[in-house]
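A short worksheet on the structure shown next.
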Amino acid sequence: MDYMHEMSLLAWCVCAIAILITGISKSAFGGALGGVGVPLMTLFLSPRLVVAVLLPILCVMDVFGVKAYWKKWSVAELKVILPGGIVGIVLGAFAMGVFSDKHIKGMIGVIAVVFMLDRMFQLRQRLRWHHQPGKLFARVCAMVSGVTSTVAHAGGPPILVYLMAKDLAKEQFVATTAVFFTVVNAGKLVPYLALGFFTVDSLQIAACLAIFAPLGGWMGLHVLRVIPERYFYSLATALLGISGMKLIYDAL
C-alpha cells in the first residue's frame with residue numbers, strides 16, 4: 001500500500017500533532033509525555049510503519065538532547081541501566097517480529113492506557129522508598145523500558161521509576177535519561193532494519209513530518225511559558241488514553 005499518497009488530510013494532521021507533542025515533551029518535560037505519538041499515529045497507520053517513521057526523528061532529537069547536557073550524566077547509573085535497556089530492545093524486537101499488526105496494536109493500546117493511569121493517579125510519585133533501589137530493580141526497569149521503547153517508543157515511565165528514586169541533581173537526571181534513550185534509540189535501528197520496517201514510504205513520511213520536531217521543541221521552550229502546564233499535560237494524557245482504548249478495541 002502506498003501510504004504516502006493514501007493518507008487523508010486528517011491522518012496528516014494527527015501525525016503532525018503527534019510529532020509536535022513529542023517535540024514539546026522532549027524540550028519541556030524531559031520526555032515525560034513520550035509515548036503519546038505512537039498510539040495517535042497508529043489510529044491511521046500500521047504500527048510497524050509508525051515506529052519506523054518516528055525513530056529517525058527521535059534519533060535526531062536525541063543528538064541535540066545529549067549535546068545540551070554534555071558530560072553532565074551519571075556514568076555509574078548508565079553502567080547499571082544500559083545493559084538492561086539493550087536486553088529490552090532484543091525482547092521488544094522479538095515481539096514486533098513474531099506478533100501480527102493486530103496484536104501489536106493491542107500491545108500499544110495497553111501500554112498507552114497503563115501510562116495514562118500512571119499520569120492520572122501519579123502512581124510513580126506514590127512510591128515511598130525506604131532505601132535506595134538495587135541494581136536488580138534498576139536492570140528490570142531498564143529492560144521494561146527497552147521493551148516499551150521498541151514496541152511503542154514509550155520507554156520513559158519504566159526507567160523513570162528507578163531514576164526518580166535516586167538522589168541525582170536535576171541536570172544529571174535529565175542528562176542520564178538523554179544518554180540512555182540515545183543509546184536505546186540508536187540500538188533499535190538494527191532490529192528495525194533487520195525486520196524491514198524502513199521503507200520508501202516510512203522515509204518519505206518521516207521527511208515530511210520532520211519539520212514538526214524542532215517546531216515542537218521551540219514550542220516547549222517558549223510557548224509553554226504562557227500556557228499553563230497542567231492544561232497541556234491533561235490534554236496529552238487524555239489523547240493518550242483515548243487513542244489507547246481505541247487501539248485495544250480495534251485489536252479485540
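Identifiers for the C-alpha cells are assigned positionally: chains receive A, B, ... in sequence, residues are indexed from 1 per chain, and ligands are indexed from 1 in the order shown.
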
Could the residues of range 43-100 of chain A that have an atom at most 7 Å from range 174-186 of chain A be listed as JSON lines, each with its closest atom pair and the distance in Å to one decimal, counting only C-alpha atoms and ordered by chain and ascending residue number?
```
{"residue": "A:Leu55", "atom": "CA", "partner": "A:Asn185", "partner_atom": "CA", "distance": 6.9}
{"residue": "A:Cys59", "atom": "CA", "partner": "A:Asn185", "partner_atom": "CA", "distance": 6.2}
{"residue": "A:Asp62", "atom": "CA", "partner": "A:Thr182", "partner_atom": "CA", "distance": 5.3}
{"residue": "A:Gly65", "atom": "CA", "partner": "A:Ala178", "partner_atom": "CA", "distance": 6.1}
{"residue": "A:Val66", "atom": "CA", "partner": "A:Ala178", "partner_atom": "CA", "distance": 5.8}
{"residue": "A:Tyr69", "atom": "CA", "partner": "A:Ala175", "partner_atom": "CA", "distance": 5.3}
{"residue": "A:Lys72", "atom": "CA", "partner": "A:Ala175", "partner_atom": "CA", "distance": 5.8}
{"residue": "A:Trp73", "atom": "CA", "partner": "A:Thr176", "partner_atom": "CA", "distance": 4.5}
{"residue": "A:Ser74", "atom": "CA", "partner": "A:Thr176", "partner_atom": "CA", "distance": 5.8}
{"residue": "A:Leu78", "atom": "CA", "partner": "A:Phe180", "partner_atom": "CA", "distance": 6.9}
{"residue": "A:Leu82", "atom": "CA", "partner": "A:Phe180", "partner_atom": "CA", "distance": 6.5}
{"residue": "A:Gly85", "atom": "CA", "partner": "A:Val184", "partner_atom": "CA", "distance": 6.5}
{"residue": "A:Ile86", "atom": "CA", "partner": "A:Val184", "partner_atom": "CA", "distance": 6.7}
```

- Message: If you run DSSP on the backbone here, which positions in range 24-250 of chain A get helix (DSSP H, G or I)? Please write them as a PyMOL selection string.
- Response: chain A and resi 24-28+37-42+47-68+75-98+101-121+135-152+156-163+170-194+200-209+212-221+223-225+229-250

- Item | Shell around Ala16 in chain A at 9 Å using only C-alpha atoms, local window under 2 positions removed, as a list in words |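 Final neighbour list, sorted by chain and number: Ala11, Trp12, Cys13, Val14, Ala18, Ile19, Leu20, Ile21, Leu209, Ala210, Phe212 and Ala213 of chain A.
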
- Item | Computed interatomic separation between CA of Ala251 in chain A and CA of Lys105 in chain A (Å) | 6.1 Å

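Taking only C-alpha atoms, the non-local environment of Gly106 in chain A within 10 Å (same-chain residues fewer than 5 positions away omitted) comprises Ser100, Asp101, Ile111, Ala112, Gly244, Met245, Lys246, Leu247, Ile248, Tyr249, Asp250, Ala251 and Leu252 of chain A.
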
Would you mind exporting the chosen residues as a short mmCIF file (atom, residue, chain, number, x, y, z; two decimals), in the first residue's frame, restricted to C-alpha atoms?
```cif
data_model
loop_
_atom_site.label_atom_id
_atom_site.label_comp_id
_atom_site.auth_asym_id
_atom_site.auth_seq_id
_atom_site.Cartn_x
_atom_site.Cartn_y
_atom_site.Cartn_z
CA SER A 100 0.71 -9.57 13.90
CA ASP A 101 -0.21 -5.90 13.43
CA ILE A 111 0.89 0.45 27.16
CA ALA A 112 -0.92 3.72 26.42
CA GLY A 244 -5.02 3.57 23.66
CA MET A 245 -8.59 2.44 24.28
CA LYS A 246 -9.39 2.74 20.57
CA LEU A 247 -6.39 0.55 19.70
CA ILE A 248 -7.44 -2.06 22.25
CA TYR A 249 -10.96 -2.03 20.79
CA ASP A 250 -9.55 -2.48 17.26
CA ALA A 251 -7.34 -5.35 18.44
CA LEU A 252 -10.32 -7.14 20.00
#
```

- Message: If I take CA of Lys71 in chain A and CA of Ile211 in chain A, how far is one from the other in Å, to one decimal?
- Response: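 Interatomic distance here is 28.0 Å.
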
So that I can see what lies close to range 142-153 of chain A, please list as a JSON list (two decimals) with N, CA, C and O atoms, in the first residue's frame the residues with an atom at most 10 Å from it, counting only C-alpha atoms and leaving out residues fewer than 5 positions away in the same chain.
```json
[["chain", "number", "residue", "atom", "x", "y", "z"],
["A", 34, "GLY", "N", 6.38, 11.35, 26.45],
["A", 34, "GLY", "CA", 6.74, 10.44, 25.38],
["A", 34, "GLY", "C", 5.80, 9.24, 25.37],
["A", 34, "GLY", "O", 5.35, 8.79, 26.41],
["A", 35, "GLY", "N", 5.51, 8.72, 24.20],
["A", 35, "GLY", "CA", 4.58, 7.60, 24.11],
["A", 35, "GLY", "C", 3.22, 8.01, 23.60],
["A", 35, "GLY", "O", 2.42, 7.16, 23.25],
["A", 36, "VAL", "N", 2.96, 9.31, 23.54],
["A", 36, "VAL", "CA", 1.67, 9.78, 23.02],
["A", 36, "VAL", "C", 1.65, 9.64, 21.50],
["A", 36, "VAL", "O", 0.62, 9.31, 20.90],
["A", 37, "GLY", "N", 2.79, 9.87, 20.86],
["A", 37, "GLY", "CA", 2.86, 9.90, 19.41],
["A", 37, "GLY", "C", 2.44, 8.61, 18.73],
["A", 37, "GLY", "O", 1.64, 8.60, 17.81],
["A", 38, "VAL", "N", 2.99, 7.49, 19.19],
["A", 38, "VAL", "CA", 2.72, 6.21, 18.52],
["A", 38, "VAL", "C", 1.24, 5.82, 18.57],
["A", 38, "VAL", "O", 0.66, 5.46, 17.54],
["A", 39, "PRO", "N", 0.58, 5.85, 19.75],
["A", 39, "PRO", "CA", -0.85, 5.49, 19.76],
["A", 39, "PRO", "C", -1.69, 6.38, 18.85],
["A", 39, "PRO", "O", -2.61, 5.89, 18.17],
["A", 42, "THR", "N", -0.93, 5.43, 15.20],
["A", 42, "THR", "CA", -1.36, 4.06, 14.88],
["A", 42, "THR", "C", -2.85, 3.98, 14.61],
["A", 42, "THR", "O", -3.34, 2.97, 14.07],
["A", 47, "PRO", "N", 1.30, -0.21, 12.89],
["A", 47, "PRO", "CA", 2.27, 0.00, 13.97],
["A", 47, "PRO", "C", 3.71, -0.02, 13.49],
["A", 47, "PRO", "O", 4.53, 0.80, 13.93],
["A", 48, "ARG", "N", 4.05, -0.92, 12.61],
["A", 48, "ARG", "CA", 5.42, -1.03, 12.12],
["A", 48, "ARG", "C", 5.83, 0.20, 11.33],
["A", 48, "ARG", "O", 6.97, 0.66, 11.40],
["A", 50, "VAL", "N", 4.53, 3.24, 11.76],
["A", 50, "VAL", "CA", 4.60, 4.36, 12.70],
["A", 50, "VAL", "C", 5.94, 4.39, 13.42],
["A", 50, "VAL", "O", 6.60, 5.45, 13.50],
["A", 51, "VAL", "N", 6.37, 3.25, 13.97],
["A", 51, "VAL", "CA", 7.63, 3.26, 14.72],
["A", 51, "VAL", "C", 8.81, 3.54, 13.78],
["A", 51, "VAL", "O", 9.80, 4.17, 14.18],
["A", 54, "LEU", "N", 8.89, 7.35, 13.16],
["A", 54, "LEU", "CA", 9.30, 8.15, 14.32],
["A", 54, "LEU", "C", 10.76, 7.96, 14.71],
["A", 54, "LEU", "O", 11.39, 8.91, 15.20],
["A", 55, "LEU", "N", 11.32, 6.78, 14.49],
["A", 55, "LEU", "CA", 12.66, 6.51, 15.02],
["A", 55, "LEU", "C", 13.74, 7.47, 14.49],
["A", 55, "LEU", "O", 14.53, 8.00, 15.28],
["A", 58, "LEU", "N", 13.33, 10.75, 16.27],
["A", 58, "LEU", "CA", 13.74, 10.66, 17.67],
["A", 58, "LEU", "C", 15.26, 10.66, 17.80],
["A", 58, "LEU", "O", 15.82, 11.27, 18.72],
["A", 80, "VAL", "N", 24.79, 0.74, 34.96],
["A", 80, "VAL", "CA", 23.82, -0.19, 35.54],
["A", 80, "VAL", "C", 22.63, -0.41, 34.61],
["A", 80, "VAL", "O", 22.18, -1.54, 34.41],
["A", 81, "ILE", "N", 22.11, 0.67, 34.00],
["A", 81, "ILE", "CA", 20.84, 0.57, 33.27],
["A", 81, "ILE", "C", 20.98, 0.26, 31.78],
["A", 81, "ILE", "O", 20.06, -0.33, 31.20],
["A", 82, "LEU", "N", 22.10, 0.60, 31.17],
["A", 82, "LEU", "CA", 22.21, 0.38, 29.72],
["A", 82, "LEU", "C", 22.14, -1.10, 29.32],
["A", 82, "LEU", "O", 21.48, -1.43, 28.33],
["A", 83, "PRO", "N", 22.79, -2.02, 30.06],
["A", 83, "PRO", "CA", 22.65, -3.43, 29.67],
["A", 83, "PRO", "C", 21.21, -3.92, 29.69],
["A", 83, "PRO", "O", 20.78, -4.66, 28.79],
["A", 84, "GLY", "N", 20.43, -3.50, 30.68],
["A", 84, "GLY", "CA", 19.02, -3.88, 30.74],
["A", 84, "GLY", "C", 18.24, -3.32, 29.57],
["A", 84, "GLY", "O", 17.36, -3.99, 29.01],
["A", 85, "GLY", "N", 18.54, -2.08, 29.19],
["A", 85, "GLY", "CA", 17.87, -1.47, 28.06],
["A", 85, "GLY", "C", 18.12, -2.23, 26.77],
["A", 85, "GLY", "O", 17.22, -2.42, 25.95],
["A", 86, "ILE", "N", 19.37, -2.69, 26.58],
["A", 86, "ILE", "CA", 19.72, -3.43, 25.37],
["A", 86, "ILE", "C", 18.98, -4.78, 25.33],
["A", 86, "ILE", "O", 18.49, -5.21, 24.28],
["A", 87, "VAL", "N", 18.89, -5.46, 26.48],
["A", 87, "VAL", "CA", 18.13, -6.71, 26.56],
["A", 87, "VAL", "C", 16.67, -6.45, 26.20],
["A", 87, "VAL", "O", 16.04, -7.23, 25.48],
["A", 88, "GLY", "N", 16.13, -5.33, 26.68],
["A", 88, "GLY", "CA", 14.75, -4.97, 26.37],
["A", 88, "GLY", "C", 14.52, -4.74, 24.89],
["A", 88, "GLY", "O", 13.47, -5.11, 24.35],
["A", 89, "ILE", "N", 15.51, -4.16, 24.21],
["A", 89, "ILE", "CA", 15.40, -3.96, 22.76],
["A", 89, "ILE", "C", 15.25, -5.31, 22.05],
["A", 89, "ILE", "O", 14.42, -5.48, 21.16],
["A", 90, "VAL", "N", 16.07, -6.28, 22.46],
["A", 90, "VAL", "CA", 16.01, -7.62, 21.85],
["A", 90, "VAL", "C", 14.63, -8.25, 22.06],
["A", 90, "VAL", "O", 14.03, -8.80, 21.12],
["A", 91, "LEU", "N", 14.11, -8.17, 23.29],
["A", 91, "LEU", "CA", 12.80, -8.75, 23.58],
["A", 91, "LEU", "C", 11.69, -8.02, 22.82],
["A", 91, "LEU", "O", 10.77, -8.66, 22.29],
["A", 92, "GLY", "N", 11.77, -6.70, 22.77],
["A", 92, "GLY", "CA", 10.77, -5.92, 22.04],
["A", 92, "GLY", "C", 10.80, -6.21, 20.55],
["A", 92, "GLY", "O", 9.75, -6.33, 19.90],
["A", 93, "ALA", "N", 12.01, -6.35, 19.99],
["A", 93, "ALA", "CA", 12.13, -6.66, 18.57],
["A", 93, "ALA", "C", 11.57, -8.04, 18.27],
["A", 93, "ALA", "O", 10.94, -8.26, 17.22],
["A", 94, "PHE", "N", 11.79, -8.99, 19.19],
["A", 94, "PHE", "CA", 11.22, -10.33, 19.02],
["A", 94, "PHE", "C", 9.69, -10.26, 18.95],
["A", 94, "PHE", "O", 9.06, -10.89, 18.10],
["A", 95, "ALA", "N", 9.11, -9.47, 19.87],
["A", 95, "ALA", "CA", 7.64, -9.32, 19.87],
["A", 95, "ALA", "C", 7.16, -8.69, 18.58],
["A", 95, "ALA", "O", 6.17, -9.15, 17.98],
["A", 96, "MET", "N", 7.85, -7.65, 18.10],
["A", 96, "MET", "CA", 7.43, -6.98, 16.86],
["A", 96, "MET", "C", 7.56, -7.92, 15.66],
["A", 96, "MET", "O", 6.79, -7.81, 14.70],
["A", 104, "ILE", "N", 0.06, -6.20, 17.85],
["A", 104, "ILE", "CA", 0.92, -5.07, 18.19],
["A", 104, "ILE", "C", 0.07, -3.85, 18.54],
["A", 104, "ILE", "O", 0.38, -3.10, 19.47],
["A", 105, "LYS", "N", -1.03, -3.65, 17.81],
["A", 105, "LYS", "CA", -1.95, -2.56, 18.14],
["A", 105, "LYS", "C", -2.47, -2.71, 19.56],
["A", 105, "LYS", "O", -2.54, -1.75, 20.33],
["A", 107, "MET", "N", -1.03, -4.32, 22.04],
["A", 107, "MET", "CA", 0.07, -4.06, 22.97],
["A", 107, "MET", "C", 0.30, -2.57, 23.16],
["A", 107, "MET", "O", 0.47, -2.09, 24.29],
["A", 108, "ILE", "N", 0.30, -1.83, 22.05],
["A", 108, "ILE", "CA", 0.48, -0.38, 22.13],
["A", 108, "ILE", "C", -0.67, 0.25, 22.90],
["A", 108, "ILE", "O", -0.49, 1.16, 23.72],
["A", 109, "GLY", "N", -1.90, -0.25, 22.67],
["A", 109, "GLY", "CA", -3.06, 0.27, 23.38],
["A", 109, "GLY", "C", -2.96, 0.04, 24.88],
["A", 109, "GLY", "O", -3.26, 0.93, 25.68],
["A", 111, "ILE", "N", -0.18, -0.42, 26.65],
["A", 111, "ILE", "CA", 0.89, 0.45, 27.16],
["A", 111, "ILE", "C", 0.37, 1.87, 27.34],
["A", 111, "ILE", "O", 0.62, 2.53, 28.36],
["A", 112, "ALA", "N", -0.39, 2.36, 26.36],
["A", 112, "ALA", "CA", -0.92, 3.72, 26.42],
["A", 112, "ALA", "C", -1.88, 3.90, 27.60],
["A", 112, "ALA", "O", -1.80, 4.89, 28.33],
["A", 136, "LEU", "N", 19.42, -4.91, 40.67],
["A", 136, "LEU", "CA", 18.47, -5.82, 40.02],
["A", 136, "LEU", "C", 17.22, -5.07, 39.61],
["A", 136, "LEU", "O", 16.73, -5.21, 38.48],
["A", 137, "PHE", "N", 16.68, -4.26, 40.53],
["A", 137, "PHE", "CA", 15.50, -3.47, 40.22],
["A", 137, "PHE", "C", 15.79, -2.50, 39.08],
["A", 137, "PHE", "O", 14.96, -2.31, 38.18],
["A", 158, "PRO", "N", 8.96, 3.49, 32.66],
["A", 158, "PRO", "CA", 9.63, 2.40, 33.40],
["A", 158, "PRO", "C", 10.99, 2.78, 33.96],
["A", 158, "PRO", "O", 11.29, 2.50, 35.12],
["A", 159, "ILE", "N", 11.83, 3.45, 33.16],
["A", 159, "ILE", "CA", 13.17, 3.78, 33.66],
["A", 159, "ILE", "C", 13.11, 4.92, 34.67],
["A", 159, "ILE", "O", 13.92, 5.00, 35.60],
["A", 160, "LEU", "N", 12.10, 5.79, 34.54],
["A", 160, "LEU", "CA", 11.97, 6.89, 35.50],
["A", 160, "LEU", "C", 11.54, 6.39, 36.87],
["A", 160, "LEU", "O", 11.82, 7.04, 37.88],
["A", 161, "VAL", "N", 10.85, 5.24, 36.93],
["A", 161, "VAL", "CA", 10.51, 4.65, 38.22],
["A", 161, "VAL", "C", 11.78, 4.45, 39.05],
["A", 161, "VAL", "O", 11.82, 4.72, 40.25],
["A", 162, "TYR", "N", 12.84, 4.00, 38.37],
["A", 162, "TYR", "CA", 14.11, 3.79, 39.07],
["A", 162, "TYR", "C", 14.86, 5.10, 39.30],
["A", 162, "TYR", "O", 15.27, 5.40, 40.43],
["A", 163, "LEU", "N", 15.03, 5.90, 38.26],
["A", 163, "LEU", "CA", 15.86, 7.09, 38.37],
["A", 163, "LEU", "C", 15.27, 8.13, 39.31],
["A", 163, "LEU", "O", 16.00, 8.89, 39.95],
["A", 180, "PHE", "N", 20.68, 7.57, 27.97],
["A", 180, "PHE", "CA", 20.05, 6.25, 27.95],
["A", 180, "PHE", "C", 19.20, 6.07, 26.70],
["A", 180, "PHE", "O", 19.32, 5.06, 25.98],
["A", 181, "PHE", "N", 18.35, 7.06, 26.40],
["A", 181, "PHE", "CA", 17.47, 6.91, 25.24],
["A", 181, "PHE", "C", 18.18, 7.14, 23.92],
["A", 181, "PHE", "O", 17.73, 6.63, 22.88],
["A", 184, "VAL", "N", 19.47, 3.64, 23.42],
["A", 184, "VAL", "CA", 18.36, 2.73, 23.13],
["A", 184, "VAL", "C", 17.80, 2.98, 21.73],
["A", 184, "VAL", "O", 17.59, 2.04, 20.95],
["A", 185, "ASN", "N", 17.56, 4.24, 21.38],
["A", 185, "ASN", "CA", 17.01, 4.54, 20.06],
["A", 185, "ASN", "C", 17.99, 4.17, 18.95],
["A", 185, "ASN", "O", 17.58, 3.66, 17.90],
["A", 187, "GLY", "N", 20.16, 1.79, 19.19],
["A", 187, "GLY", "CA", 20.15, 0.33, 19.18],
["A", 187, "GLY", "C", 18.96, -0.25, 18.44],
["A", 187, "GLY", "O", 19.05, -1.32, 17.83],
["A", 188, "LYS", "N", 17.84, 0.47, 18.45],
["A", 188, "LYS", "CA", 16.64, -0.02, 17.76],
["A", 188, "LYS", "C", 16.78, 0.02, 16.24],
["A", 188, "LYS", "O", 16.02, -0.66, 15.53],
["A", 189, "LEU", "N", 17.72, 0.80, 15.74],
["A", 189, "LEU", "CA", 17.92, 0.87, 14.29],
["A", 189, "LEU", "C", 18.25, -0.50, 13.71],
["A", 189, "LEU", "O", 17.81, -0.85, 12.61],
["A", 191, "PRO", "N", 17.48, -3.82, 14.80],
["A", 191, "PRO", "CA", 16.35, -4.74, 14.57],
["A", 191, "PRO", "C", 15.31, -4.18, 13.60],
["A", 191, "PRO", "O", 14.71, -4.95, 12.84],
["A", 192, "TYR", "N", 15.10, -2.88, 13.59],
["A", 192, "TYR", "CA", 14.15, -2.30, 12.65],
["A", 192, "TYR", "C", 14.60, -2.54, 11.21],
["A", 192, "TYR", "O", 13.80, -2.86, 10.33]]
```
